[in-house]
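Each remark here refers to the structure printed beneath this line.
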Amino acid sequence: MCRLAAYLGKPVYLERFLLAPEHNLIHQAWSPREMRSAALNADGFGFGWYDDTGCPVAYRNIQPAWADPNLAALGHTLRRELWLANVRSATEGFASGYANTQPFTDGRLLFLHNGFVNEFAEDLRPRLRGWLQSDIEATIHGNTDSEYLFAVIRQLAAEGPQSPSLLLRRLMDTLGSWVSAGRALLNIALTDGTEIAATRHAIGAECPTLYATDSEPLYSQGAVIASEPLTAGAHWEAVPAHHLVTLNGARPPRITAL
């Protein structure tokens, strides 16, 4: 399991997104409140944004988030209108390492997965290897279920322009037939730099937690999605199980059934 957060709105410094909230992601790395399958997220972390040319950029570190001495300086230097971040608790069998650390990027997309697929190596990965195009599979650098799920999205995206929300719906429909008899936790966040979409979903298990807000004073000109509320108060709305939440900057978070 992992914890994730995403922001879309007027530009804010990384510090405000990642460090300022009292229950920020760094805090959630060592003291998560709503995780059920692990006690710490100490197996690396990362955050992503889009550069001035519109290309996705990712900063990843295999050390625990609280051990990175660069965050303070980066926090008051980097300022963007979109952020995506996670802290990682590695699933057994998926070793720590740079290739397995999220977020993953490709072309216009940034991707995060909070969860796991049971018996991935024995069951789902062979199916995916038979389904994925060779050029897509050749660019998989790690061994996690997360990166293979992103490969499915990348192959679907290659068919033509599609929003992140549509790509996630197509991914969930595909996995529904491939993992119908198994167990998978599938909180996934995906963005193309314009829209952020995130799922609260699972197959054969209880869904991991997910929240959204566009009324938190700390982010008065934007909206946030997070595995756990980053701040105290009643500003956060729990995303229902098996739903998708979308941020596009034009309206409050939109929550729809998968």
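Naming scheme: A, B, ... for chains in displayed order of the structure tokens; residues 1 onward per chain; ligands 1 onward as shown.
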
task: Apply DSSP to the structure's backbone, then extract all residues of region 14-185 of chain A labelled strand (DSSP E) and return them as a VMD selection string.
output: chain A and resid 45 to 50 56 to 61 79 to 88 104 to 106 109 to 117 184 to 185

- prompt: Do you know which residues are at most 12 Å from Asp135 (chain A) counting only C-alpha atoms, after dropping those on the same chain fewer than 6 positions away, and could you put them as a PyMOL selection string?
  reply: chain A and resi 129+151+154-155+158

- request: In Å, rounded to a single decimal, give me how far CA of Thr213 (chain A) is from CA of Pro253 (chain A).
  value: 7.1 Å

statement: One decimal place gives the CA of Trp30 (chain A)-CA of Asp106 (chain A) separation as 29.6 Å

Straight-line distance linking CA of Arg60 (chain A) with CA of Leu74 (chain A), stated in Å to one decimal: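 Taking CA of Arg60 (chain A) and CA of Leu74 (chain A), their separation equals 12.8 Å.
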
Hey, what's within 12 Å of Asp51 (chain A) if we count only C-alpha atoms and toss same-chain stuff fewer than 5 positions away? As a PDB file with N, CA, C and O atoms, in the first residue's frame, please?
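Wrote it out as result-v5.pdb, contents follow:
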ATOM      1  N   PRO A  56       5.838  16.095 -18.736  1.00  0.00           N
ATOM      2  CA  PRO A  56       5.833  15.641 -17.347  1.00  0.00           C
ATOM      3  C   PRO A  56       7.242  15.423 -16.820  1.00  0.00           C
ATOM      4  O   PRO A  56       8.126  14.961 -17.537  1.00  0.00           O
ATOM      5  N   VAL A  57       7.430  15.764 -15.556  1.00  0.00           N
ATOM      6  CA  VAL A  57       8.714  15.612 -14.874  1.00  0.00           C
ATOM      7  C   VAL A  57       8.460  14.883 -13.559  1.00  0.00           C
ATOM      8  O   VAL A  57       7.462  15.147 -12.883  1.00  0.00           O
ATOM      9  N   ALA A  58       9.351  13.981 -13.173  1.00  0.00           N
ATOM     10  CA  ALA A  58       9.199  13.260 -11.909  1.00  0.00           C
ATOM     11  C   ALA A  58      10.477  13.333 -11.093  1.00  0.00           C
ATOM     12  O   ALA A  58      11.578  13.147 -11.635  1.00  0.00           O
ATOM     13  N   LEU A  78      10.175  25.333  -6.335  1.00  0.00           N
ATOM     14  CA  LEU A  78       9.300  24.849  -7.393  1.00  0.00           C
ATOM     15  C   LEU A  78       7.869  25.335  -7.170  1.00  0.00           C
ATOM     16  O   LEU A  78       7.308  25.175  -6.076  1.00  0.00           O
ATOM     17  N   ARG A  79       7.276  25.914  -8.198  1.00  0.00           N
ATOM     18  CA  ARG A  79       5.919  26.454  -8.117  1.00  0.00           C
ATOM     19  C   ARG A  79       5.180  26.064  -9.389  1.00  0.00           C
ATOM     20  O   ARG A  79       5.582  26.409 -10.489  1.00  0.00           O
ATOM     21  N   ARG A  80       4.090  25.321  -9.233  1.00  0.00           N
ATOM     22  CA  ARG A  80       3.351  24.804 -10.375  1.00  0.00           C
ATOM     23  C   ARG A  80       1.848  24.790 -10.085  1.00  0.00           C
ATOM     24  O   ARG A  80       1.416  24.835  -8.934  1.00  0.00           O
ATOM     25  N   GLU A  81       1.071  24.653 -11.178  1.00  0.00           N
ATOM     26  CA  GLU A  81      -0.396  24.584 -11.047  1.00  0.00           C
ATOM     27  C   GLU A  81      -0.884  23.150 -10.903  1.00  0.00           C
ATOM     28  O   GLU A  81      -2.067  22.928 -10.653  1.00  0.00           O
ATOM     29  N   LEU A  82      -0.002  22.181 -11.045  1.00  0.00           N
ATOM     30  CA  LEU A  82      -0.384  20.771 -10.909  1.00  0.00           C
ATOM     31  C   LEU A  82       0.729  20.022 -10.191  1.00  0.00           C
ATOM     32  O   LEU A  82       1.907  20.177 -10.531  1.00  0.00           O
ATOM     33  N   TRP A  83       0.318  19.224  -9.214  1.00  0.00           N
ATOM     34  CA  TRP A  83       1.251  18.359  -8.488  1.00  0.00           C
ATOM     35  C   TRP A  83       0.624  16.971  -8.327  1.00  0.00           C
ATOM     36  O   TRP A  83      -0.587  16.847  -8.137  1.00  0.00           O
ATOM     37  N   ARG A 108       2.793  12.521 -22.364  1.00  0.00           N
ATOM     38  CA  ARG A 108       2.026  13.557 -21.679  1.00  0.00           C
ATOM     39  C   ARG A 108       1.483  13.094 -20.331  1.00  0.00           C
ATOM     40  O   ARG A 108       0.829  13.872 -19.627  1.00  0.00           O
ATOM     41  N   GLY A 193      -1.807  16.662 -17.577  1.00  0.00           N
ATOM     42  CA  GLY A 193      -1.409  18.047 -17.421  1.00  0.00           C
ATOM     43  C   GLY A 193      -2.562  19.016 -17.432  1.00  0.00           C
ATOM     44  O   GLY A 193      -2.414  20.172 -17.024  1.00  0.00           O
TER      45      GLY A 193
END

- prompt: Between A:Ile62, A:Leu18, A:Leu124, A:Val152, which is the closest to Trp178 (chain A) once you count only C-alpha atoms?
  reply: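 Selected residue with least distance to Trp178 (chain A): A:Leu124.
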
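Of the residues listed (A:Pro21, A:Pro208, A:Pro217, A:Gly115), A:Pro208 shows the shortest atom-to-atom separation from Ala241 (chain A); distances use only C-alpha atoms.
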
- prompt: Any idea what's packed within 10 Å of Asn248 (chain A), counting only C-alpha atoms, ignoring anything in its chain fewer than 3 positions away? Could you give it as a VMD selection string?
  reply: chain A and resid 8 to 9 191 193 to 197 222 to 223 251 to 254

Prev. selection, N, CA and C atoms, output as a JSON list (two decimals), in the first residue's frame:
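Output (result32.json):
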[["chain", "number", "residue", "atom", "x", "y", "z"],
["A", 8, "LEU", "N", -4.62, 20.51, -8.38],
["A", 8, "LEU", "CA", -4.80, 21.23, -9.63],
["A", 8, "LEU", "C", -5.46, 22.56, -9.34],
["A", 9, "GLY", "N", -4.87, 23.64, -9.83],
["A", 9, "GLY", "CA", -5.44, 24.96, -9.61],
["A", 9, "GLY", "C", -4.44, 26.05, -9.95],
["A", 191, "THR", "N", -2.89, 11.85, -14.87],
["A", 191, "THR", "CA", -3.08, 13.19, -15.41],
["A", 191, "THR", "C", -2.36, 13.35, -16.73],
["A", 193, "GLY", "N", -1.81, 16.66, -17.58],
["A", 193, "GLY", "CA", -1.41, 18.05, -17.42],
["A", 193, "GLY", "C", -2.56, 19.02, -17.43],
["A", 194, "THR", "N", -3.73, 18.56, -17.87],
["A", 194, "THR", "CA", -4.94, 19.40, -17.91],
["A", 194, "THR", "C", -5.99, 18.89, -16.95],
["A", 195, "GLU", "N", -6.17, 17.59, -16.93],
["A", 195, "GLU", "CA", -7.15, 16.94, -16.06],
["A", 195, "GLU", "C", -6.43, 15.94, -15.16],
["A", 196, "ILE", "N", -6.88, 15.84, -13.92],
["A", 196, "ILE", "CA", -6.44, 14.77, -13.01],
["A", 196, "ILE", "C", -7.64, 13.88, -12.73],
["A", 197, "ALA", "N", -7.49, 12.60, -12.91],
["A", 197, "ALA", "CA", -8.54, 11.64, -12.59],
["A", 197, "ALA", "C", -7.98, 10.62, -11.61],
["A", 222, "GLY", "N", -7.67, 26.12, -5.72],
["A", 222, "GLY", "CA", -7.46, 24.85, -6.39],
["A", 222, "GLY", "C", -8.23, 23.74, -5.71],
["A", 223, "ALA", "N", -8.03, 22.53, -6.19],
["A", 223, "ALA", "CA", -8.69, 21.34, -5.64],
["A", 223, "ALA", "C", -7.64, 20.26, -5.40],
["A", 251, "ARG", "N", -14.44, 23.34, -12.60],
["A", 251, "ARG", "CA", -15.57, 23.14, -11.70],
["A", 251, "ARG", "C", -15.09, 22.37, -10.48],
["A", 252, "PRO", "N", -15.94, 22.21, -9.45],
["A", 252, "PRO", "CA", -15.53, 21.42, -8.29],
["A", 252, "PRO", "C", -15.23, 19.98, -8.67],
["A", 253, "PRO", "N", -14.55, 19.23, -7.80],
["A", 253, "PRO", "CA", -14.29, 17.81, -8.11],
["A", 253, "PRO", "C", -15.57, 17.09, -8.54],
["A", 254, "ARG", "N", -15.48, 16.37, -9.62],
["A", 254, "ARG", "CA", -16.63, 15.64, -10.15],
["A", 254, "ARG", "C", -16.46, 14.17, -9.79]]

message: List as a VMD selection string the protein and nucleic acid residues near Ala121 (chain A), meaning an atom at most 9 Å away when only C-alpha atoms are counted, but skip any in the same chain fewer than 6 places from it.
response: chain A and resid 143 to 145

Selected residues written out with C-alpha atoms, as an mmCIF file, in the first residue's frame:
data_model
loop_
_atom_site.group_PDB
_atom_site.id
_atom_site.type_symbol
_atom_site.label_atom_id
_atom_site.label_comp_id
_atom_site.auth_asym_id
_atom_site.auth_seq_id
_atom_site.Cartn_x
_atom_site.Cartn_y
_atom_site.Cartn_z
ATOM 1 C CA ASN A 143 8.752 -5.441 -12.018
ATOM 2 C CA THR A 144 5.785 -3.917 -10.199
ATOM 3 C CA ASP A 145 2.138 -4.502 -10.928
#

Based on the backbone DSSP call, show me all residues of region 31-210 of chain A assigned helix (DSSP H, G or I), as a compact mmCIF listing (two decimals) with C-alpha atoms, in the first residue's frame.
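Dumped to out04.txt:
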# COMPACT_ATOMS: atom_id res chain seq x y z
CA ALA A 65 10.43 10.73 2.37
CA TRP A 66 11.44 12.05 5.78
CA ALA A 67 15.13 11.35 5.01
CA LEU A 71 12.77 18.80 0.08
CA ALA A 72 13.01 22.07 1.99
CA ALA A 73 14.96 23.76 -0.80
CA LEU A 74 12.79 22.30 -3.54
CA GLY A 75 9.68 23.21 -1.59
CA TYR A 98 14.45 3.53 -8.58
CA ALA A 99 12.71 1.63 -11.40
CA ASN A 100 9.90 0.63 -9.04
CA PHE A 120 0.41 -10.67 -10.05
CA ALA A 121 3.51 -12.54 -11.22
CA GLU A 122 1.70 -15.88 -11.41
CA ASP A 123 -1.58 -14.75 -13.00
CA LEU A 124 -1.97 -11.21 -14.33
CA ARG A 125 1.54 -10.54 -15.64
CA PRO A 126 1.49 -13.49 -18.10
CA ARG A 127 -1.87 -12.23 -19.41
CA LEU A 128 -0.48 -8.73 -19.82
CA ARG A 129 2.62 -9.97 -21.62
CA GLY A 130 0.38 -11.69 -24.12
CA TRP A 131 -1.74 -8.56 -24.58
CA SER A 134 6.21 -5.48 -27.82
CA ASP A 135 7.26 -1.81 -28.05
CA ILE A 136 5.20 -0.97 -24.95
CA GLU A 137 6.47 -3.94 -22.94
CA ASP A 145 2.14 -4.50 -10.93
CA SER A 146 1.83 -0.69 -10.95
CA GLU A 147 4.15 -0.20 -13.92
CA TYR A 148 2.38 -2.92 -15.89
CA LEU A 149 -0.95 -1.22 -15.23
CA PHE A 150 0.56 1.99 -16.54
CA ALA A 151 1.72 0.07 -19.62
CA VAL A 152 -1.91 -0.91 -20.27
CA ILE A 153 -2.89 2.76 -20.04
CA ARG A 154 -0.06 3.75 -22.38
CA GLN A 155 -1.19 1.22 -24.95
CA LEU A 156 -4.80 2.41 -24.71
CA ALA A 157 -3.64 6.03 -24.99
CA PRO A 164 -7.40 10.54 -18.12
CA SER A 165 -10.87 9.73 -16.78
CA LEU A 166 -11.74 7.71 -19.90
CA LEU A 167 -8.40 5.89 -19.81
CA LEU A 168 -8.96 4.90 -16.17
CA ARG A 169 -12.47 3.67 -16.95
CA ARG A 170 -11.12 1.56 -19.78
CA LEU A 171 -8.38 0.18 -17.52
CA MET A 172 -10.90 -0.79 -14.83
CA ASP A 173 -13.17 -2.45 -17.39
CA THR A 174 -10.21 -4.44 -18.73
CA LEU A 175 -9.01 -5.49 -15.28
CA GLY A 176 -12.53 -6.50 -14.29
CA SER A 177 -12.33 -9.44 -16.68
CA TRP A 178 -8.67 -10.28 -16.02

query: What lies within 12 Å of His27 (chain A) using only C-alpha atoms, ignoring chain neighbours under 6 positions off, as a PyMOL selection string?
result: chain A and resi 3+18-21+33+40-42+64-67+86-87+228-231

Filtering to N, CA, C and O atoms, could you give me those residues as a tab-separated table (two decimals), in the first residue's frame?
chain	number	residue	atom	x	y	z
A	3	ARG	N	0.39	5.95	-0.10
A	3	ARG	CA	-0.49	7.11	0.06
A	3	ARG	C	-0.20	8.07	-1.08
A	3	ARG	O	0.96	8.24	-1.47
A	18	LEU	N	3.13	19.76	-0.46
A	18	LEU	CA	3.74	18.54	0.07
A	18	LEU	C	4.12	18.62	1.54
A	18	LEU	O	4.15	17.60	2.23
A	19	LEU	N	4.41	19.83	2.05
A	19	LEU	CA	4.99	19.96	3.39
A	19	LEU	C	4.14	20.73	4.38
A	19	LEU	O	4.21	20.46	5.58
A	20	ALA	N	3.37	21.70	3.93
A	20	ALA	CA	2.68	22.60	4.84
A	20	ALA	C	1.53	21.97	5.62
A	20	ALA	O	1.35	22.26	6.81
A	21	PRO	N	0.68	21.13	5.03
A	21	PRO	CA	-0.46	20.58	5.79
A	21	PRO	C	0.00	19.78	7.00
A	21	PRO	O	1.04	19.12	6.97
A	33	ARG	N	-2.95	7.22	8.93
A	33	ARG	CA	-4.09	6.98	9.82
A	33	ARG	C	-5.05	5.93	9.30
A	33	ARG	O	-5.77	5.31	10.07
A	40	LEU	N	3.94	1.63	7.74
A	40	LEU	CA	4.81	2.71	7.28
A	40	LEU	C	4.82	2.76	5.76
A	40	LEU	O	4.53	1.75	5.09
A	41	ASN	N	5.18	3.94	5.22
A	41	ASN	CA	5.45	4.09	3.80
A	41	ASN	C	6.90	4.55	3.67
A	41	ASN	O	7.18	5.73	3.43
A	42	ALA	N	7.80	3.63	3.86
A	42	ALA	CA	9.23	3.96	3.99
A	42	ALA	C	10.07	3.47	2.82
A	42	ALA	O	11.29	3.50	2.88
A	64	PRO	N	13.26	6.84	2.43
A	64	PRO	CA	12.02	7.35	3.03
A	64	PRO	C	11.88	8.85	2.82
A	64	PRO	O	12.88	9.58	2.80
A	65	ALA	N	10.67	9.31	2.67
A	65	ALA	CA	10.43	10.73	2.37
A	65	ALA	C	11.01	11.64	3.44
A	65	ALA	O	11.51	12.72	3.13
A	66	TRP	N	10.96	11.20	4.70
A	66	TRP	CA	11.44	12.05	5.78
A	66	TRP	C	12.97	12.17	5.80
A	66	TRP	O	13.51	13.02	6.51
A	67	ALA	N	13.66	11.35	5.00
A	67	ALA	CA	15.13	11.35	5.01
A	67	ALA	C	15.73	12.16	3.88
A	67	ALA	O	16.97	12.22	3.77
A	86	ASN	N	3.40	10.71	-4.12
A	86	ASN	CA	3.08	9.52	-3.34
A	86	ASN	C	4.23	9.16	-2.41
A	86	ASN	O	5.38	9.56	-2.62
A	87	VAL	N	3.90	8.42	-1.36
A	87	VAL	CA	4.89	7.77	-0.50
A	87	VAL	C	4.60	6.27	-0.59
A	87	VAL	O	3.45	5.85	-0.62
A	228	GLU	N	-5.64	10.38	2.36
A	228	GLU	CA	-6.13	10.78	3.67
A	228	GLU	C	-6.23	12.30	3.70
A	228	GLU	O	-5.40	12.98	3.05
A	229	PRO	N	-7.20	12.89	4.41
A	229	PRO	CA	-7.26	14.34	4.49
A	229	PRO	C	-5.93	14.92	4.96
A	229	PRO	O	-5.35	14.46	5.94
A	230	LEU	N	-5.47	15.93	4.25
A	230	LEU	CA	-4.18	16.54	4.59
A	230	LEU	C	-4.30	17.53	5.75
A	230	LEU	O	-3.30	17.89	6.37
A	231	THR	N	-5.52	17.98	6.02
A	231	THR	CA	-5.78	18.97	7.07
A	231	THR	C	-6.98	18.55	7.89
A	231	THR	O	-7.78	17.71	7.47

query: What lies within 10 Å of Leu112 (chain A) using only C-alpha atoms, ignoring chain neighbours under 4 positions off, as a list in words?
result: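 Selected residues are Cys2, Arg3, Leu4, Ala5, Ala6, Gly46, Phe47, Gly48, Leu84, Ala85, Asn86, Thr101, Gln102, Pro103, Phe104, Thr105, Ser146, Glu147, Leu149, Phe150, Asn187, Ile188, Ala189, Leu190, Thr191 and Ala198 of chain A.
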
Please write the residues from the selection above to a file, keeping N, CA and C atoms, as a PDB file, in the first residue's frame.
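Here's the written file again.pdb:
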ATOM      1  N   CYS A   2       0.298   2.347  -0.414  1.00  0.00           N
ATOM      2  CA  CYS A   2       0.973   3.638  -0.467  1.00  0.00           C
ATOM      3  C   CYS A   2      -0.045   4.715  -0.097  1.00  0.00           C
ATOM      4  N   ARG A   3       0.394   5.951  -0.105  1.00  0.00           N
ATOM      5  CA  ARG A   3      -0.488   7.106   0.059  1.00  0.00           C
ATOM      6  C   ARG A   3      -0.197   8.071  -1.078  1.00  0.00           C
ATOM      7  N   LEU A   4      -1.227   8.712  -1.613  1.00  0.00           N
ATOM      8  CA  LEU A   4      -1.042   9.620  -2.731  1.00  0.00           C
ATOM      9  C   LEU A   4      -1.778  10.920  -2.496  1.00  0.00           C
ATOM     10  N   ALA A   5      -1.399  11.949  -3.257  1.00  0.00           N
ATOM     11  CA  ALA A   5      -2.087  13.233  -3.237  1.00  0.00           C
ATOM     12  C   ALA A   5      -1.890  13.904  -4.585  1.00  0.00           C
ATOM     13  N   ALA A   6      -2.845  14.759  -4.964  1.00  0.00           N
ATOM     14  CA  ALA A   6      -2.773  15.490  -6.226  1.00  0.00           C
ATOM     15  C   ALA A   6      -3.421  16.852  -6.055  1.00  0.00           C
ATOM     16  N   GLY A  46       7.908   9.982  -4.357  1.00  0.00           N
ATOM     17  CA  GLY A  46       8.141  10.781  -5.548  1.00  0.00           C
ATOM     18  C   GLY A  46       7.044  11.797  -5.755  1.00  0.00           C
ATOM     19  N   PHE A  47       7.335  12.793  -6.569  1.00  0.00           N
ATOM     20  CA  PHE A  47       6.312  13.762  -6.954  1.00  0.00           C
ATOM     21  C   PHE A  47       6.558  14.184  -8.392  1.00  0.00           C
ATOM     22  N   GLY A  48       5.485  14.611  -9.054  1.00  0.00           N
ATOM     23  CA  GLY A  48       5.574  14.977 -10.454  1.00  0.00           C
ATOM     24  C   GLY A  48       4.879  16.289 -10.742  1.00  0.00           C
ATOM     25  N   LEU A  84       1.477  15.972  -8.367  1.00  0.00           N
ATOM     26  CA  LEU A  84       1.079  14.592  -8.098  1.00  0.00           C
ATOM     27  C   LEU A  84       2.179  13.985  -7.239  1.00  0.00           C
ATOM     28  N   ALA A  85       1.830  13.300  -6.147  1.00  0.00           N
ATOM     29  CA  ALA A  85       2.873  12.788  -5.258  1.00  0.00           C
ATOM     30  C   ALA A  85       2.412  11.523  -4.561  1.00  0.00           C
ATOM     31  N   ASN A  86       3.404  10.709  -4.123  1.00  0.00           N
ATOM     32  CA  ASN A  86       3.081   9.524  -3.338  1.00  0.00           C
ATOM     33  C   ASN A  86       4.230   9.158  -2.410  1.00  0.00           C
ATOM     34  N   THR A 101       9.903   2.940  -8.295  1.00  0.00           N
ATOM     35  CA  THR A 101       9.426   4.089  -7.526  1.00  0.00           C
ATOM     36  C   THR A 101       8.606   5.013  -8.418  1.00  0.00           C
ATOM     37  N   GLN A 102       7.435   5.398  -7.948  1.00  0.00           N
ATOM     38  CA  GLN A 102       6.530   6.258  -8.700  1.00  0.00           C
ATOM     39  C   GLN A 102       6.713   7.727  -8.284  1.00  0.00           C
ATOM     40  N   PRO A 103       6.184   8.652  -9.137  1.00  0.00           N
ATOM     41  CA  PRO A 103       5.285   8.449 -10.279  1.00  0.00           C
ATOM     42  C   PRO A 103       6.020   8.015 -11.539  1.00  0.00           C
ATOM     43  N   PHE A 104       5.258   7.341 -12.418  1.00  0.00           N
ATOM     44  CA  PHE A 104       5.755   6.964 -13.721  1.00  0.00           C
ATOM     45  C   PHE A 104       5.288   8.005 -14.744  1.00  0.00           C
ATOM     46  N   THR A 105       6.092   8.221 -15.776  1.00  0.00           N
ATOM     47  CA  THR A 105       5.771   9.206 -16.805  1.00  0.00           C
ATOM     48  C   THR A 105       5.934   8.593 -18.180  1.00  0.00           C
ATOM     49  N   SER A 146       2.173  -2.070 -10.624  1.00  0.00           N
ATOM     50  CA  SER A 146       1.827  -0.685 -10.955  1.00  0.00           C
ATOM     51  C   SER A 146       2.340  -0.299 -12.339  1.00  0.00           C
ATOM     52  N   GLU A 147       3.594  -0.614 -12.638  1.00  0.00           N
ATOM     53  CA  GLU A 147       4.153  -0.203 -13.922  1.00  0.00           C
ATOM     54  C   GLU A 147       3.487  -0.951 -15.076  1.00  0.00           C
ATOM     55  N   LEU A 149       0.337  -1.888 -15.050  1.00  0.00           N
ATOM     56  CA  LEU A 149      -0.953  -1.221 -15.229  1.00  0.00           C
ATOM     57  C   LEU A 149      -0.783   0.059 -16.030  1.00  0.00           C
ATOM     58  N   PHE A 150       0.297   0.783 -15.766  1.00  0.00           N
ATOM     59  CA  PHE A 150       0.564   1.989 -16.543  1.00  0.00           C
ATOM     60  C   PHE A 150       0.846   1.639 -18.003  1.00  0.00           C
ATOM     61  N   ASN A 187      -6.560   2.059  -6.334  1.00  0.00           N
ATOM     62  CA  ASN A 187      -6.610   3.511  -6.302  1.00  0.00           C
ATOM     63  C   ASN A 187      -5.505   4.028  -7.218  1.00  0.00           C
ATOM     64  N   ILE A 188      -5.890   4.653  -8.305  1.00  0.00           N
ATOM     65  CA  ILE A 188      -4.946   5.109  -9.320  1.00  0.00           C
ATOM     66  C   ILE A 188      -5.219   6.563  -9.648  1.00  0.00           C
ATOM     67  N   ALA A 189      -4.163   7.361  -9.768  1.00  0.00           N
ATOM     68  CA  ALA A 189      -4.269   8.750 -10.207  1.00  0.00           C
ATOM     69  C   ALA A 189      -3.537   8.904 -11.525  1.00  0.00           C
ATOM     70  N   LEU A 190      -4.164   9.609 -12.465  1.00  0.00           N
ATOM     71  CA  LEU A 190      -3.605   9.793 -13.797  1.00  0.00           C
ATOM     72  C   LEU A 190      -3.882  11.210 -14.255  1.00  0.00           C
ATOM     73  N   THR A 191      -2.888  11.850 -14.870  1.00  0.00           N
ATOM     74  CA  THR A 191      -3.081  13.189 -15.408  1.00  0.00           C
ATOM     75  C   THR A 191      -2.362  13.353 -16.730  1.00  0.00           C
ATOM     76  N   ALA A 198      -8.796  10.187 -10.660  1.00  0.00           N
ATOM     77  CA  ALA A 198      -8.349   9.203  -9.673  1.00  0.00           C
ATOM     78  C   ALA A 198      -9.502   8.265  -9.339  1.00  0.00           C
TER      79      ALA A 198
END
